[in-house]
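Take a look at the structure set out below.
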Amino acid sequence: MENDRSQLGQIDPRRARFPCCIVWTPIPFITWLVPFIGHIGICREDGVILDFAGPNFISVDNFAFGTVARYIQVNCDECYKLLEPEGDATWDGALRKGTQEFQNRSYNLFTCNCHSFVVNNLNRLFYSGHDKWNVVSLAAVMFLQGRWVSTASVVKTFLPFTVVVSIGTILGGMTFLIGLVAFAAAMTGWFLVGTYCIKGLIEL
């Protein structure tokens, strides 16, 4: 099979090569306040990163917001569209179709963002035997199962958050903490409601 893991190249963070991976990096300011929110992309078989980085724009080999901090290497044996006996689907072919589609999409942080692009491709591949992936399930899987590239990546993600919370607590006390929790709840609530309550609000 063309997408057999044994034929994939090695993960090489120094060259930003993550074959058949989903990759994540923190977003300045937003991740500093809510560390589980970040920018996400998906990689070709040769490890090159593709990410929805702006209106009608798929960035190739230039990951927005910096180097990869976390990744998940997808088991191609769980991409059922690649396993059809008489099918001609390939990993890169599915990503190519997703790229063509999102090159005609407007970018919106709240309704059509980088997570939408990755979810679209996972559903196209029928990953894990279904096409019901959404931005919430993707974010949860990355948060719970994503592998850190290095210790520096952990520091890069959580140090700014720790500094902001510390300074905010000293200067603003409980008012700051309540505001921070409210912001995190509002961000999380928007995507939960948009995904599970108002169908079609979050584009995939």
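Every chain in the structure tokens has a letter given in the order shown (A, B, ...), and although residue numbers restart at 1 in each chain, ligands are simply numbered from 1 in the order shown.
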- Contact residues around segment 30-36 of chain A with only C-alpha atoms at 8 Å, ignoring same-chain residues under 2 positions, as a list in words: Pro26, Ile27, Pro28, Gly38, Ala139, Phe143, Thr157, Phe158, Pro160, Phe161, Val164, Val165, Leu180 and Ala184 of chain A
- Residues of segment 3-199 of chain A in helix (DSSP H, G or I) according to DSSP, as a PyMOL selection string? chain A and resi 5-7+13-15+30-33+76-78+80-82+91-102+114-124+135-145+151-196
With only C-alpha atoms as the counted atoms, please give the residues lying no more than 7 Å from Trp133 of chain A, apart from itself and same-chain residues fewer than 3 positions off, as an mmCIF file with C-alpha atoms, in the first residue's frame.
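Written out: result_37.cif:
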```
data_model
loop_
_atom_site.group_PDB
_atom_site.id
_atom_site.type_symbol
_atom_site.label_atom_id
_atom_site.label_comp_id
_atom_site.auth_asym_id
_atom_site.auth_seq_id
_atom_site.Cartn_x
_atom_site.Cartn_y
_atom_site.Cartn_z
ATOM 1 C CA VAL A 119 -11.155 17.924 10.025
ATOM 2 C CA ASN A 123 -13.337 12.979 7.188
ATOM 3 C CA SER A 137 -13.077 16.183 18.767
ATOM 4 C CA LEU A 138 -9.908 17.131 16.891
#
```
- Query: Residues at most 9 Å from Lys97 of chain A, counting only C-alpha atoms, excluding those fewer than 5 positions away in the same chain, as a list of chain:residue names?
  - Reply: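 Here the answer would be A:Asp92, A:Phe102, A:Asn121, A:Arg124.
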- Item | Picked from segment 11-164 of chain A by DSSP as strand (DSSP E or B), as number ranges by chain | A: 12, 17, 21-26, 38-43, 49-54, 57-60, 70-73, 79, 108, 112, 127, 147-148
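Distance-wise, atom CA of Pro55 of chain A and atom CA of Cys43 of chain A end up 19.6 Å apart.
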- Can you work out the spacing between atom CA of Leu192 of chain A and atom CA of Asn108 of chain A in Å, to one decimal?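 Those two atoms sit 16.4 Å apart.
Atom pair atom CA of Lys199 of chain A / atom CA of Asn120 of chain A: separated by 15.3 Å.
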- Item | Residue nearest Phe110 of chain A - candidates A:Ile202, A:Val60, A:Ala69, A:Ile37, atoms counted: only C-alpha atoms |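 Among A:Ile202, A:Val60, A:Ala69, A:Ile37, it is A:Ile202 that comes nearest to Phe110 of chain A.
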- Message: I need the residue nearest Pro19 of chain A from this list: A:Val136, A:Leu125, A:Val74, A:Leu159. Use only C-alpha atoms for the distance.
- Response: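 Between A:Val136, A:Leu125, A:Val74, A:Leu159, the residue approaching Pro19 of chain A most closely is A:Val74.
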- Message: Can you pull out the residues contacting Leu50 of chain A? Cut-off 10 Å, using only C-alpha atoms, and skip same-chain residues under 4 positions away; I want them as a PyMOL selection string.
- Response: chain A and resi 22-23+40-44+58-64+95-96+99+114+117-118
Go ahead and write the selection's residues with all heavy atoms as a compact mmCIF listing (two decimals), in the first residue's frame.
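Ended up saving to selection.txt:
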```
# COMPACT_ATOMS: atom_id res chain seq x y z
N ILE A 22 -0.67 15.10 12.16
CA ILE A 22 -1.40 16.31 12.50
C ILE A 22 -0.47 17.08 13.44
O ILE A 22 0.08 16.50 14.38
CB ILE A 22 -2.73 15.99 13.21
CG1 ILE A 22 -3.59 15.10 12.31
CG2 ILE A 22 -3.47 17.27 13.58
CD1 ILE A 22 -4.78 14.50 13.04
N VAL A 23 -0.27 18.36 13.20
CA VAL A 23 0.70 19.13 13.98
C VAL A 23 0.03 20.35 14.60
O VAL A 23 -0.96 20.88 14.09
CB VAL A 23 1.90 19.56 13.10
CG1 VAL A 23 2.72 18.34 12.68
CG2 VAL A 23 1.44 20.32 11.86
N ILE A 40 -3.31 24.55 14.02
CA ILE A 40 -3.15 23.14 13.68
C ILE A 40 -3.03 22.96 12.17
O ILE A 40 -3.55 23.77 11.39
CB ILE A 40 -4.35 22.33 14.24
CG1 ILE A 40 -4.03 20.85 14.39
CG2 ILE A 40 -5.62 22.54 13.41
CD1 ILE A 40 -4.99 20.12 15.31
N GLY A 41 -2.30 21.94 11.77
CA GLY A 41 -2.12 21.64 10.36
C GLY A 41 -2.04 20.14 10.14
O GLY A 41 -2.03 19.36 11.10
N ILE A 42 -1.95 19.74 8.88
CA ILE A 42 -1.84 18.33 8.54
C ILE A 42 -0.74 18.19 7.50
O ILE A 42 -0.51 19.09 6.69
CB ILE A 42 -3.19 17.78 8.02
CG1 ILE A 42 -3.17 16.25 7.94
CG2 ILE A 42 -3.59 18.42 6.70
CD1 ILE A 42 -4.56 15.64 7.76
N CYS A 43 -0.04 17.06 7.51
CA CYS A 43 1.18 16.92 6.71
C CYS A 43 1.04 15.87 5.61
O CYS A 43 0.38 14.85 5.78
CB CYS A 43 2.36 16.56 7.60
SG CYS A 43 2.61 17.71 8.96
N ARG A 44 1.71 16.14 4.50
CA ARG A 44 1.75 15.19 3.39
C ARG A 44 2.61 13.98 3.75
O ARG A 44 3.24 13.94 4.81
CB ARG A 44 2.31 15.88 2.14
CG ARG A 44 1.50 17.07 1.68
CD ARG A 44 1.99 17.66 0.37
NE ARG A 44 3.44 17.72 0.23
CZ ARG A 44 4.07 18.65 -0.47
NH1 ARG A 44 3.38 19.61 -1.07
NH2 ARG A 44 5.39 18.63 -0.58
N ILE A 58 -3.82 28.25 1.62
CA ILE A 58 -3.24 27.10 2.31
C ILE A 58 -1.73 27.27 2.28
O ILE A 58 -1.11 27.28 1.21
CB ILE A 58 -3.62 25.77 1.64
CG1 ILE A 58 -5.14 25.59 1.61
CG2 ILE A 58 -2.95 24.60 2.36
CD1 ILE A 58 -5.79 25.51 2.97
N SER A 59 -1.14 27.44 3.44
CA SER A 59 0.31 27.60 3.54
C SER A 59 0.98 26.24 3.35
O SER A 59 0.54 25.24 3.93
CB SER A 59 0.68 28.20 4.89
OG SER A 59 2.07 28.35 5.02
N VAL A 60 2.04 26.22 2.57
CA VAL A 60 2.78 24.97 2.30
C VAL A 60 4.21 25.12 2.81
O VAL A 60 4.94 26.02 2.38
CB VAL A 60 2.79 24.66 0.78
CG1 VAL A 60 3.58 23.37 0.52
CG2 VAL A 60 1.38 24.53 0.24
N ASP A 61 4.58 24.25 3.74
CA ASP A 61 5.94 24.22 4.27
C ASP A 61 6.34 25.55 4.93
O ASP A 61 7.50 25.95 4.87
CB ASP A 61 6.94 23.88 3.16
CG ASP A 61 8.25 23.31 3.71
OD1 ASP A 61 8.26 22.88 4.88
OD2 ASP A 61 9.24 23.30 2.97
N ASN A 62 5.38 26.22 5.52
CA ASN A 62 5.65 27.46 6.24
C ASN A 62 4.59 27.62 7.32
O ASN A 62 3.70 28.44 7.22
CB ASN A 62 5.64 28.65 5.28
CG ASN A 62 6.05 29.94 5.95
OD1 ASN A 62 6.74 29.93 6.97
ND2 ASN A 62 5.62 31.06 5.40
N PHE A 63 4.71 26.80 8.36
CA PHE A 63 3.68 26.69 9.39
C PHE A 63 3.45 28.02 10.09
O PHE A 63 4.37 28.60 10.66
CB PHE A 63 4.10 25.63 10.40
CG PHE A 63 2.99 25.07 11.24
CD1 PHE A 63 1.69 24.99 10.76
CD2 PHE A 63 3.25 24.61 12.52
CE1 PHE A 63 0.67 24.46 11.54
CE2 PHE A 63 2.25 24.07 13.30
CZ PHE A 63 0.96 23.99 12.81
N ALA A 64 2.23 28.51 9.99
CA ALA A 64 1.90 29.79 10.63
C ALA A 64 2.13 29.71 12.14
O ALA A 64 1.90 28.67 12.76
CB ALA A 64 0.45 30.17 10.33
N LEU A 95 -5.48 15.04 0.64
CA LEU A 95 -5.04 16.38 1.06
C LEU A 95 -5.08 17.36 -0.10
O LEU A 95 -5.38 18.55 0.10
CB LEU A 95 -3.63 16.30 1.65
CG LEU A 95 -3.54 16.13 3.18
CD1 LEU A 95 -4.27 14.87 3.65
CD2 LEU A 95 -2.09 16.09 3.64
N ARG A 96 -4.79 16.88 -1.29
CA ARG A 96 -4.84 17.76 -2.46
C ARG A 96 -6.27 18.27 -2.70
O ARG A 96 -6.48 19.46 -2.98
CB ARG A 96 -4.33 17.01 -3.69
CG ARG A 96 -4.06 17.88 -4.90
CD ARG A 96 -3.45 17.06 -6.03
NE ARG A 96 -2.22 16.39 -5.59
CZ ARG A 96 -2.08 15.08 -5.49
NH1 ARG A 96 -3.09 14.27 -5.80
NH2 ARG A 96 -0.95 14.54 -5.08
N THR A 99 -7.11 20.78 -0.01
CA THR A 99 -6.43 22.04 -0.29
C THR A 99 -7.16 22.84 -1.36
O THR A 99 -7.38 24.05 -1.22
CB THR A 99 -4.98 21.78 -0.74
OG1 THR A 99 -4.26 21.16 0.34
CG2 THR A 99 -4.29 23.07 -1.14
N CYS A 114 -8.30 26.84 10.92
CA CYS A 114 -7.33 25.79 10.63
C CYS A 114 -7.83 24.41 11.03
O CYS A 114 -7.55 23.41 10.36
CB CYS A 114 -6.00 26.10 11.32
SG CYS A 114 -6.13 26.35 13.11
N PHE A 117 -10.03 22.84 8.33
CA PHE A 117 -9.26 22.26 7.22
C PHE A 117 -8.78 20.85 7.55
O PHE A 117 -8.93 19.93 6.75
CB PHE A 117 -8.07 23.17 6.90
CG PHE A 117 -7.11 22.60 5.90
CD1 PHE A 117 -7.50 22.36 4.59
CD2 PHE A 117 -5.80 22.31 6.26
CE1 PHE A 117 -6.61 21.83 3.66
CE2 PHE A 117 -4.90 21.79 5.35
CZ PHE A 117 -5.31 21.54 4.04
N VAL A 118 -8.23 20.67 8.74
CA VAL A 118 -7.73 19.34 9.13
C VAL A 118 -8.88 18.36 9.26
O VAL A 118 -8.80 17.21 8.80
CB VAL A 118 -6.92 19.43 10.43
CG1 VAL A 118 -6.52 18.04 10.91
CG2 VAL A 118 -5.68 20.30 10.23
```
- Query: Any idea what's packed within 8 Å of Met142 of chain A, counting only C-alpha atoms, ignoring anything in its chain fewer than 4 positions away? Could you give it as a VMD selection string?
  - Reply: chain A and resid 24 70 to 72 138 146
- Message: Could you check the closest approach to Ser106 of chain A for each of A:Cys21, A:Val181, A:Ile170, A:Ala53 and tell me which residue wins, using only C-alpha atoms?
- Response: A:Ala53
- Task: Write out as a ChimeraX atom specification the residues lying within 6 Å of Tyr107 of chain A, counting only C-alpha atoms and excluding same-chain residues fewer than 3 positions away.
- Result: /A:54-55,112-113
- Nearest candidate to Thr111 of chain A (options A:Gly93, A:Gly47, A:Pro13, A:Gly194; using only C-alpha atoms):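 Of all the options, A:Gly194 lies closest to Thr111 of chain A.
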